[in-house]
Amino acid sequence: MSGNYLIMFLVFLPMLASVAGYLIGRANKKLRDYFVQCIVLLEAAAFLYILITYVKNPLTTMDFTWQGFCVMGLNFTVDGFRALYAFIASFMWAMTGLFSGEYFAHYRNRNRYYLFFLLTLGATVGVFLSADLFTTFVFFEIMSLTSYVWVAQEESTGALKAAETYLAVAVIGGLVMLMGLFLLYNEIGTLSIAAIKPAIEGLNGQDRNIIYAAGICMLFGFGAKAGMFPLQIWLPKAHPVAPAPASALLSGILTKAGIYGILIICSRMFFDDAVWGSMLLTLGVITMFAGALLAVFSVNLKRTLACSSVSQIGFILVGIAMSVLLGEENHMAVSGSLLHMVNHSLIKLVLFMAAGVVYMNIHKLDLNDIRGFGRGKWFLHFIFLMGALGIGGIPLWNGYVSKTLIHESIVEYIELIMEGHLSSCWFSPLAMKVIEWIFLISGGMTVAYMTKLYVALCIEKNVDEKLQEKYDGKKKSYINAKSAIALSVSAILLPIMGFMPNLVMDKAAALGSSIMLASEEGEAVKYFSLENLKGALISILIGAFLYLVVIRLLLMTKNEDGRRVYVDKWPKWLDMENLIYRPLLTGFLPTFFGIICRFLDSLLDWLVVLLRKTIFKDSPLPDELIEGNGLTVFLASVARFFSRFKYKKGQDRPDYEHEFALKYDDMDENVVIVSRSLSFGLFLFCIGLLVTIIYMFIAN
């Protein structure tokens with residue numbers, strides 16, 4: 001081991017503390033809660049110190065290497081972006097740690113939750129501090145497996161099914177990502193993030209195709225965790241069943257671990273690549289629009305926030321794609337992408353903890369059930385409103401700044417196309433104009449569904465008057481002081497960042513821009529100029545129309561008492577998991593490969609029959625033939641061998657096989673039947689192992 005041991009300490013401290021916390025919890029649950037809160041606060045304080053160090057001296061370097069770990073070793077480094085996001089991650093853990101004490105007061109399996117709470121923190125920090133993709137992969141997979149327990153925490157039928165989906169996506173994504181890492185390492189000989197770009201620049205066109213294959217595999221793996229279309233199916237399923245503090249981390253920070261990987265791919269492997277940028281832009285636009293559309297239809301508080309997360313990941317992907325397409329002119333796109341990552345993390349921390357306040361009081365999430373709970377509760381009003389205004393991109397809140405930068409990067413790209421400054425462009429100005437309007441409409445849908453949530457929770461009365469009286473009776477006892485501190489500190493950051501964008505947001509973007517190889521900064525952006533406000537105002541107007549016309553008129557109906565209630569009109573059959581993935585993985589693929597295996601399983605039997613009908617003419621092999629040489633002897637041996645395992649001693653067999661088997665029956669009185677499918681499986685395994693070994697010799 002070598003380097004700065006503080007980095008190793010910050011990665012592995014939460015993991016070691018998780019075991020200590022579990023043991024403490026077996027004896028004293030209250031002491032365990034304090035211990036966990038102290039660990040996450042210590043982690044946040046340490047990363048705040050590192051972040052301040054980098055703000056004062058951006059040239060500071062901190063590295064740590066654990067040589068020989070799994071041959072490749074573990075490599076960590078700290079730069080501006082890593083310091084920023086490691087601090088955000090630890091800050092979010094600190095706030096949810098404070099909130100978890102009250103939220104889990106009446107839960108069972110709290111010891112298990114806190115064990116995996118700290119394990120996942122260490123794994124997430126390991127991802128963001130990784131200096132090579134092997135280290136990223138190791139901690140990425142640990143993070144996926146430990147966070148699975150969060151989704152399954154309640155152990156209800158819905159929770160276990162959602163956890164199954166989450167784990168399936170994570171495991172499949174990890175395997176595909178690993179395939180991409182193999183391809184990349186075999187082609188360029190390194191997985192060091194700093195060395196990838198120079199190594200790829202020296203490749204020829206044919207080798208470049210392998211880089212595309214590796215990039216697509218890695219994008220699949222990282223995109224699965226990020227919630228990118230069409231791999232976003234776990235998000236709307238996991239969040240409604242996971243505990244609210246876990247949902248805040250799943251949505252706010254674990255999805256950004258996936259985005260971190262996509263940042264590395266785009267900046268180090270496909271910088272200024274029009275083909276890659278166009279593909280990512282297409283996926284980003286679909287993710288952005290589809291997530292917002294699902295959120296508009298949803299009538300479950302946490303499901304709406306989960307679908308919102310899918311949409312906001314789409315906004316980030318659009319920004320990253322624009323940074324690739326703009327190449328040397330990508331400063332605005334890079335800043336917008338990075339800032340929207342930060343903003344989404346902090347906003348979802350606030351919104352999911354606010355949803356947690358609702359759930360821990362009434363244990364319901366349906367909008368018709370929670371309707372009116374926030375009436376008269378000024379603190380919950382404030383908290384939820386800060387999050388809603390932030391994610392809605394309302395001027396003077398942080399979400400406005402990042403969305404404005406991404407929108408302006410699209411406008412800039414359209415101008416460059418029209419002026420003929422781009423040598424390679426896959427989108428026409430008209431197509432980019434359509435994308436710009438999809439961006440604005442998606443922003444409008446965000447305003448609409450957040451307005452729906454805020455009005456239902458804090459403005460409207462519940463249609464059940466007795467239930468509303470019960471809610472009104474909790475105006476002073478719905479949250480304790482520690483939870484209130486966690487929510488207040490988190491929520492107050494959103495307007496502070498939005499009110500002073502040049503002082504706060506631009507500096508944060510400058511810290512992180514090096515990871516995406518941003519171009520030099522131009523003039524300071526005038527965020528509140530009429531030109532920049534125009535995009536936000538268009539989205540707000542679209543949002544107002546969608547809320548008043550679509551949500552209030554089309555997505556609400558009258559109940560038996562004549563009162564209007566929210567209804568989920570999204571077609572139940574239009575669920576990607578049940579419509580496509582489950583039938584594909586449990587129906588079509590097993591049947592398809594089963595037919596192939598059945599065919600191959602019988603192929604050797606057919607070969608024996610063919611040999612007996614042709615070469616051996618359906619007669620016993622004479623001894624002189626057996627003693628001969630050449631291909632005939634070899635084929636005869638193969639035929640005899642497979643005939644041996646097909647039948648028990650004395651079992652009826654076809655005439656052409658009977659005399660073959662007599663000699664083998666005499667050799668062993670207790671011949672055990674070996675399943676043909678098992679034999680064939682072992683046969684294929686041996687062939688596959690042989691091919692792999694040959695490939696390794698040739699490749700080296």
# chains A, B, ... in the order shown; residues from 1 in each chain; ligands from 1

call {"tool": "select_by_dssp", "arguments": {"residues": "segment 463-512 of chain A", "states": "helix (DSSP H, G or I)", "output": "ChimeraX atom specification"}}
result
/A:465-472,481-499,501-512

call {"tool": "write_last_selection", "arguments": {"atoms": "N, CA, C and O atoms", "output": "compact mmCIF listing (two decimals), in the first residue's frame"}}
result
# COMPACT_ATOMS: atom_id res chain seq x y z
N GLU A 465 -63.69 13.72 5.68
CA GLU A 465 -63.61 14.79 6.68
C GLU A 465 -63.03 14.30 8.00
O GLU A 465 -62.28 15.03 8.68
N LYS A 466 -63.34 13.08 8.40
CA LYS A 466 -62.79 12.54 9.65
C LYS A 466 -61.28 12.36 9.54
O LYS A 466 -60.54 12.60 10.50
N LEU A 467 -60.84 11.93 8.37
CA LEU A 467 -59.41 11.76 8.15
C LEU A 467 -58.70 13.11 8.17
O LEU A 467 -57.60 13.24 8.72
N GLN A 468 -59.36 14.13 7.61
CA GLN A 468 -58.77 15.47 7.63
C GLN A 468 -58.66 16.00 9.06
O GLN A 468 -57.67 16.63 9.42
N GLU A 469 -59.65 15.73 9.89
CA GLU A 469 -59.58 16.14 11.29
C GLU A 469 -58.42 15.46 12.00
O GLU A 469 -57.73 16.06 12.83
N LYS A 470 -58.19 14.19 11.67
CA LYS A 470 -57.07 13.45 12.26
C LYS A 470 -55.74 14.08 11.83
O LYS A 470 -54.82 14.22 12.65
N TYR A 471 -55.64 14.45 10.55
CA TYR A 471 -54.41 15.09 10.07
C TYR A 471 -54.19 16.44 10.75
O TYR A 471 -53.06 16.79 11.11
N ASP A 472 -55.26 17.21 10.90
CA ASP A 472 -55.14 18.53 11.52
C ASP A 472 -54.68 18.42 12.97
O ASP A 472 -54.06 19.34 13.51
N ALA A 481 -37.16 17.12 16.63
CA ALA A 481 -36.18 18.18 16.39
C ALA A 481 -35.03 17.71 15.51
O ALA A 481 -34.57 18.44 14.61
N LYS A 482 -34.54 16.50 15.73
CA LYS A 482 -33.40 16.01 14.95
C LYS A 482 -33.76 15.86 13.48
O LYS A 482 -32.98 16.24 12.59
N SER A 483 -34.93 15.32 13.21
CA SER A 483 -35.37 15.19 11.81
C SER A 483 -35.59 16.55 11.19
O SER A 483 -35.28 16.77 10.01
N ALA A 484 -36.14 17.48 11.97
CA ALA A 484 -36.37 18.85 11.46
C ALA A 484 -35.06 19.52 11.08
O ALA A 484 -34.99 20.25 10.07
N ILE A 485 -34.01 19.28 11.85
CA ILE A 485 -32.70 19.86 11.52
C ILE A 485 -32.20 19.29 10.20
O ILE A 485 -31.70 20.03 9.33
N ALA A 486 -32.32 17.97 10.03
CA ALA A 486 -31.86 17.33 8.79
C ALA A 486 -32.60 17.90 7.58
O ALA A 486 -31.97 18.21 6.55
N LEU A 487 -33.90 18.07 7.68
CA LEU A 487 -34.68 18.60 6.56
C LEU A 487 -34.39 20.08 6.33
O LEU A 487 -34.30 20.52 5.18
N SER A 488 -34.23 20.85 7.40
CA SER A 488 -33.99 22.30 7.27
C SER A 488 -32.66 22.58 6.59
O SER A 488 -32.58 23.38 5.65
N VAL A 489 -31.60 21.91 7.05
CA VAL A 489 -30.27 22.12 6.48
C VAL A 489 -30.27 21.74 5.00
O VAL A 489 -29.67 22.44 4.17
N SER A 490 -30.92 20.65 4.67
CA SER A 490 -30.96 20.19 3.27
C SER A 490 -31.76 21.15 2.39
O SER A 490 -31.35 21.46 1.26
N ALA A 491 -32.90 21.61 2.89
CA ALA A 491 -33.80 22.44 2.07
C ALA A 491 -33.27 23.84 1.86
O ALA A 491 -33.45 24.43 0.78
N ILE A 492 -32.61 24.40 2.86
CA ILE A 492 -32.17 25.80 2.76
C ILE A 492 -31.07 25.97 1.72
O ILE A 492 -30.85 27.06 1.19
N LEU A 493 -30.37 24.87 1.40
CA LEU A 493 -29.31 24.97 0.39
C LEU A 493 -29.86 25.28 -1.00
O LEU A 493 -29.19 25.93 -1.81
N LEU A 494 -31.08 24.82 -1.28
CA LEU A 494 -31.62 24.93 -2.65
C LEU A 494 -31.82 26.38 -3.08
O LEU A 494 -31.36 26.76 -4.17
N PRO A 495 -32.48 27.23 -2.29
CA PRO A 495 -32.58 28.63 -2.71
C PRO A 495 -31.26 29.39 -2.61
O PRO A 495 -31.01 30.29 -3.41
N ILE A 496 -30.40 29.03 -1.64
CA ILE A 496 -29.11 29.71 -1.53
C ILE A 496 -28.31 29.52 -2.82
O ILE A 496 -27.72 30.46 -3.36
N MET A 497 -28.28 28.29 -3.31
CA MET A 497 -27.56 28.01 -4.55
C MET A 497 -28.19 28.72 -5.74
O MET A 497 -27.49 29.16 -6.66
N GLY A 498 -29.52 28.84 -5.73
CA GLY A 498 -30.21 29.49 -6.84
C GLY A 498 -30.15 31.00 -6.80
O GLY A 498 -30.13 31.65 -7.86
N PHE A 499 -30.10 31.58 -5.60
CA PHE A 499 -30.06 33.04 -5.48
C PHE A 499 -28.70 33.59 -5.88
O PHE A 499 -28.59 34.73 -6.32
N PRO A 501 -26.09 32.20 -8.14
CA PRO A 501 -25.55 31.18 -9.06
C PRO A 501 -24.09 31.41 -9.44
O PRO A 501 -23.31 30.46 -9.52
N ASN A 502 -23.70 32.66 -9.69
CA ASN A 502 -22.32 32.93 -10.09
C ASN A 502 -21.35 32.69 -8.95
O ASN A 502 -20.22 32.24 -9.16
N LEU A 503 -21.77 32.95 -7.74
CA LEU A 503 -20.89 32.78 -6.58
C LEU A 503 -20.79 31.33 -6.15
O LEU A 503 -19.71 30.85 -5.79
N VAL A 504 -21.90 30.61 -6.19
CA VAL A 504 -21.93 29.24 -5.67
C VAL A 504 -21.87 28.21 -6.79
O VAL A 504 -21.00 27.33 -6.83
N MET A 505 -22.81 28.30 -7.73
CA MET A 505 -22.96 27.26 -8.76
C MET A 505 -21.78 27.24 -9.73
O MET A 505 -21.28 26.17 -10.10
N ASP A 506 -21.35 28.41 -10.18
CA ASP A 506 -20.25 28.45 -11.14
C ASP A 506 -18.96 27.89 -10.54
O ASP A 506 -18.18 27.21 -11.21
N LYS A 507 -18.74 28.15 -9.26
CA LYS A 507 -17.54 27.62 -8.59
C LYS A 507 -17.62 26.11 -8.45
O LYS A 507 -16.62 25.40 -8.59
N ALA A 508 -18.82 25.61 -8.15
CA ALA A 508 -18.99 24.16 -8.07
C ALA A 508 -18.75 23.51 -9.43
O ALA A 508 -18.12 22.45 -9.52
N ALA A 509 -19.24 24.16 -10.49
CA ALA A 509 -19.03 23.63 -11.84
C ALA A 509 -17.55 23.65 -12.20
O ALA A 509 -17.04 22.70 -12.83
N ALA A 510 -16.84 24.70 -11.81
CA ALA A 510 -15.41 24.79 -12.10
C ALA A 510 -14.63 23.70 -11.39
O ALA A 510 -13.66 23.15 -11.93
N LEU A 511 -15.06 23.32 -10.19
CA LEU A 511 -14.39 22.25 -9.46
C LEU A 511 -14.49 20.92 -10.20
O LEU A 511 -13.53 20.15 -10.25
N GLY A 512 -15.66 20.68 -10.77
CA GLY A 512 -15.90 19.37 -11.37
C GLY A 512 -15.62 19.28 -12.85
O GLY A 512 -15.64 18.18 -13.41

call {"tool": "residues_around", "arguments": {"residues": "Ala246 of chain A", "least_positions_apart": "6", "cutoff": "8 Å", "atoms": "only C-alpha atoms", "output": "VMD selection string"}}
result
chain A and resid 96 150 to 151

call {"tool": "write_last_selection", "arguments": {"atoms": "N, CA, C and O atoms", "output": "short mmCIF file (atom, residue, chain, number, x, y, z; two decimals), in the first residue's frame"}}
result
data_model
loop_
_atom_site.label_atom_id
_atom_site.label_comp_id
_atom_site.auth_asym_id
_atom_site.auth_seq_id
_atom_site.Cartn_x
_atom_site.Cartn_y
_atom_site.Cartn_z
N THR A 96 -29.62 11.80 6.10
CA THR A 96 -30.55 10.67 6.21
C THR A 96 -30.27 9.86 7.48
O THR A 96 -31.17 9.23 8.03
N TRP A 150 -31.77 -2.57 1.12
CA TRP A 150 -32.67 -1.43 1.38
C TRP A 150 -34.03 -1.65 0.73
O TRP A 150 -35.07 -1.39 1.35
N VAL A 151 -34.01 -2.09 -0.52
CA VAL A 151 -35.27 -2.26 -1.25
C VAL A 151 -36.11 -3.36 -0.61
O VAL A 151 -37.34 -3.26 -0.52
#

call {"tool": "atom_distance", "arguments": {"atom1": "atom CA of Thr446 of chain A", "atom2": "atom CA of Lys348 of chain A"}}
result
13.4 Å

call {"tool": "select_by_dssp", "arguments": {"residues": "segment 412-609 of chain A", "states": "strand (DSSP E or B)", "output": "number ranges by chain"}}
result
A: 556-558, 564-566

call {"tool": "residues_around", "arguments": {"residues": "segment 176-189 of chain A", "least_positions_apart": "3", "cutoff": "12 Å", "atoms": "only C-alpha atoms", "output": "number ranges by chain"}}
result
A: 72, 132-138, 140-141, 169-173, 192-193, 195-204, 206-225, 258, 261-262, 265, 268-269, 695-696, 699-700

call {"tool": "write_last_selection", "arguments": {"atoms": "C-alpha atoms", "output": "tab-separated table (two decimals), in the first residue's frame"}}
result
chain	number	residue	atom	x	y	z
A	72	MET	CA	-5.10	-5.33	-10.80
A	132	ASP	CA	-9.29	3.24	-12.63
A	133	LEU	CA	-12.29	1.36	-13.97
A	134	PHE	CA	-11.38	-1.88	-12.22
A	135	THR	CA	-11.66	-0.12	-8.84
A	136	THR	CA	-14.87	1.51	-10.03
A	137	PHE	CA	-16.29	-1.89	-10.97
A	138	VAL	CA	-15.37	-3.55	-7.65
A	140	PHE	CA	-19.90	-0.46	-7.97
A	141	GLU	CA	-20.85	-4.10	-7.54
A	169	VAL	CA	-30.94	-5.26	-13.34
A	170	ALA	CA	-27.84	-4.69	-11.18
A	171	VAL	CA	-26.38	-8.16	-11.79
A	172	ILE	CA	-27.07	-8.23	-15.53
A	173	GLY	CA	-25.74	-4.68	-15.84
A	192	SER	CA	-6.54	3.82	-15.64
A	193	ILE	CA	-8.99	6.66	-16.20
A	195	ALA	CA	-4.54	6.88	-19.45
A	196	ILE	CA	-7.61	5.80	-21.43
A	197	LYS	CA	-7.90	8.81	-23.75
A	198	PRO	CA	-4.23	8.88	-24.89
A	199	ALA	CA	-4.29	5.11	-25.45
A	200	ILE	CA	-7.45	5.24	-27.58
A	201	GLU	CA	-6.19	8.14	-29.71
A	202	GLY	CA	-3.43	5.88	-31.06
A	203	LEU	CA	-5.80	3.21	-32.39
A	204	ASN	CA	-6.74	2.74	-36.04
A	206	GLN	CA	-10.73	-1.15	-37.09
A	207	ASP	CA	-9.69	-1.10	-33.43
A	208	ARG	CA	-12.11	1.77	-32.92
A	209	ASN	CA	-15.01	-0.62	-33.56
A	210	ILE	CA	-13.94	-2.66	-30.55
A	211	ILE	CA	-13.89	0.52	-28.47
A	212	TYR	CA	-17.49	1.15	-29.52
A	213	ALA	CA	-18.42	-2.38	-28.44
A	214	ALA	CA	-16.68	-1.87	-25.09
A	215	GLY	CA	-18.35	1.52	-24.66
A	216	ILE	CA	-21.83	0.13	-25.34
A	217	CYS	CA	-21.31	-2.68	-22.82
A	218	MET	CA	-20.11	-0.24	-20.18
A	219	LEU	CA	-22.93	2.19	-20.96
A	220	PHE	CA	-25.39	-0.66	-20.42
A	221	GLY	CA	-23.90	-1.41	-16.99
A	222	PHE	CA	-23.64	2.17	-15.77
A	223	GLY	CA	-26.93	3.16	-17.41
A	224	ALA	CA	-28.75	0.36	-15.58
A	225	LYS	CA	-27.79	1.91	-12.23
A	258	GLY	CA	-23.97	5.30	-12.72
A	261	GLY	CA	-19.30	5.98	-15.09
A	262	ILE	CA	-21.06	7.50	-18.09
A	265	ILE	CA	-16.93	6.82	-20.89
A	268	ARG	CA	-12.21	9.58	-22.03
A	269	MET	CA	-13.42	7.23	-24.78
A	695	TYR	CA	-7.77	-17.65	-27.54
A	696	MET	CA	-5.66	-16.58	-24.56
A	699	ALA	CA	-4.19	-13.03	-27.92
A	700	ASN	CA	-0.96	-12.94	-25.95
